[in-house]
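Trainee: Before anything else, here's the structure in question.
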Amino acid sequence: MQKNKGIVLHHVKYGESGIIIYMFTRNFGRQTFIMHGIRRKKALVKINIFQPLYILNLETYHKPGREIQQIKEAKIHKPFHSITSNIYKSTIVLFLAEILYRSLKTEEPNYGLFDFIESSLDILDKLEVGYVNFHLIFLLNLSRLLGFQPNLTDAETPGYFDLKEGVMRESLPAHNLYLSKTHSKIFAELSALNYESMGTYKISHADRNIMTEHLLDYFQLHELSLSPIKSFKILKEVFS
């Protein structure tokens, strides 16, 4: 029996009353779990705790090398307050959960990454205003933790950000995977922000969507398994 903490990425129905849950755990990285009977009315563990990016305390039957692990017990580690009731925040969480589900594949512990996601969610839950840029700052930090952080050492020099190589260039690259000078400047400015300063950064709704698209392109180029993010359409509609 293993005690662990896990962040829910996604779940799907399995059989008549079960579910398959994909989680990023603190001790074992990405894991797939099965729970039988959870969709029955008298289930001891309620299915509603397996919402995107909920953080759970787990007791599991962990066997190394097994493709699907079993959960004995699951409880919410720390309940969200505003994320569950705020449509804007819950949409951000849905969007980020899909990206993490597509990006996190390694079945090895990454304590720094786990703690970053957990602390970021805590910050989002507590913020009352100034969180419209949250997903952008989250993704930029995530790229660093996944090992493909943009190199913006020459960001003070106006140029073009090369999405393929992850660097700022003074002249146009030989391919079309780059940002305009205007959006390269915004990209560099966003990269210099953190959760404390992001609320004061002013950017139009249109430019925010464009920068989100560029970041998704950047992740696609550097995370080969990342498929089109369907929840981006919802994010754009909610914040329109």
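The chains in the structure tokens are called A, B, ... from first to last as shown; in each chain the residues are counted from 1, and the ligands are counted from 1 in the order shown.
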Any chance you could list, as JSON, numbers by chain, the residues in region 59-228 of chain A that come up strand (DSSP E) when DSSP is run on the backbone?

Mentor: {"A": [59, 60, 61, 69, 70, 71, 72, 73, 74, 75, 76, 160, 161, 162, 167, 168, 169]}

Trainee: Please, could you write that set of residues out with C-alpha atoms as a compact mmCIF listing (two decimals), in the first residue's frame?

Mentor:
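This went into again.txt:
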# COMPACT_ATOMS: atom_id res chain seq x y z
CA GLU A 59 -3.88 5.26 -1.00
CA THR A 60 -2.97 2.96 -3.87
CA TYR A 61 -1.88 -0.58 -4.62
CA GLN A 69 -2.74 0.80 -10.88
CA GLN A 70 -5.58 0.51 -8.37
CA ILE A 71 -6.83 3.11 -5.90
CA LYS A 72 -7.98 1.97 -2.47
CA GLU A 73 -8.92 5.43 -1.18
CA ALA A 74 -8.98 8.98 -2.54
CA LYS A 75 -9.80 12.24 -0.77
CA ILE A 76 -9.48 15.88 -1.73
CA TYR A 160 11.81 37.82 -34.31
CA PHE A 161 11.22 34.96 -31.92
CA ASP A 162 12.06 31.67 -33.64
CA VAL A 167 15.60 31.90 -29.62
CA MET A 168 15.27 35.57 -30.54
CA ARG A 169 16.77 36.47 -33.93

Trainee: What's around Phe116 (chain A) at 10 Å? Count only C-alpha atoms, leave out sequence neighbours fewer than 3 positions away in its own chain, and write the answer as a list of chain:residue names.

Mentor: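 Once the nearby chain positions are removed, what remains is A:Tyr111, A:Gly112, A:Leu113, A:Ser119, A:Ser120, A:Leu121, A:Asp122, A:Phe138, A:Asn141, A:Leu142, A:Leu145.
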
Trainee: Using only C-alpha atoms, which protein or nucleic acid residues come within 7 Å of Gly6 (chain A)? Drop anything in the same chain fewer than 3 positions from it, and give the result as a list in words.

Mentor: Met23, Phe24, Thr25, Arg26, Ile55, Leu56, Asn57 and Leu58 of chain A

Trainee: Write out as a count of residues only all residues of region 1-233 of chain A that backbone DSSP assigns to alpha helix (DSSP H).

Mentor: 78

Trainee: List the spatial neighbours of Ser180 (chain A) as a ChimeraX atom specification - criterion: any atom at most 12 Å away, only C-alpha atoms, same-chain residues fewer than 3 positions off excluded.

Mentor: /A:158-163,168-173,176-177,183-187,207,210-211,214

Trainee: Go through A:Lys78, A:Lys202, A:His10, A:Lys46 and flag the residue nearest Tyr131 (chain A), using only C-alpha atoms for the distances.

Mentor: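 Looking only at the distances to Tyr131 (chain A), the closest residue turns out to be A:Lys202.
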
Trainee: Just the number, please: distance in Å from CA of Asn194 (chain A) to CA of Leu136 (chain A), one decimal.

Mentor: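 CA of Leu136 (chain A) lies 10.0 Å from CA of Asn194 (chain A).
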
Trainee: List the neighbours of region 217-230 of chain A out to 10 Å using only C-alpha atoms; skip same-chain residues closer than 3 positions along the sequence, and give me the result as an MDAnalysis selection string.

Mentor: chainID A and resid 95:96 98:105 139:140 142:143 146:150 162:166 177:178 211:214 233:235

Trainee: Given the choices A:Phe28, A:Met35, A:Ile20, A:Val129, which gets closest to Gly199 (chain A) if the distance is worked out from only C-alpha atoms?

Mentor: A:Val129

Trainee: Expressed in Å to a single decimal, how great is the separation between CA of Ser197 (chain A) and CA of Leu124 (chain A)?

Mentor: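 About the pair CA of Ser197 (chain A) and CA of Leu124 (chain A): they are 13.4 Å apart.
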
Trainee: May I have the residues within 12 Å of region 82-89 of chain A as a PyMOL selection string, using only C-alpha atoms and disregarding those fewer than 6 positions away in the same chain?

Mentor: chain A and resi 48-49+51-54+95-96+121-135+234-240

Trainee: Given the choices A:Ser90, A:Gly29, A:Phe80, A:Leu193, which gets closest to Asn4 (chain A) if the distance is worked out from only C-alpha atoms?

Mentor: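 Checking each of A:Ser90, A:Gly29, A:Phe80, A:Leu193 against Asn4 (chain A), counting only C-alpha atoms, the winner is A:Gly29.
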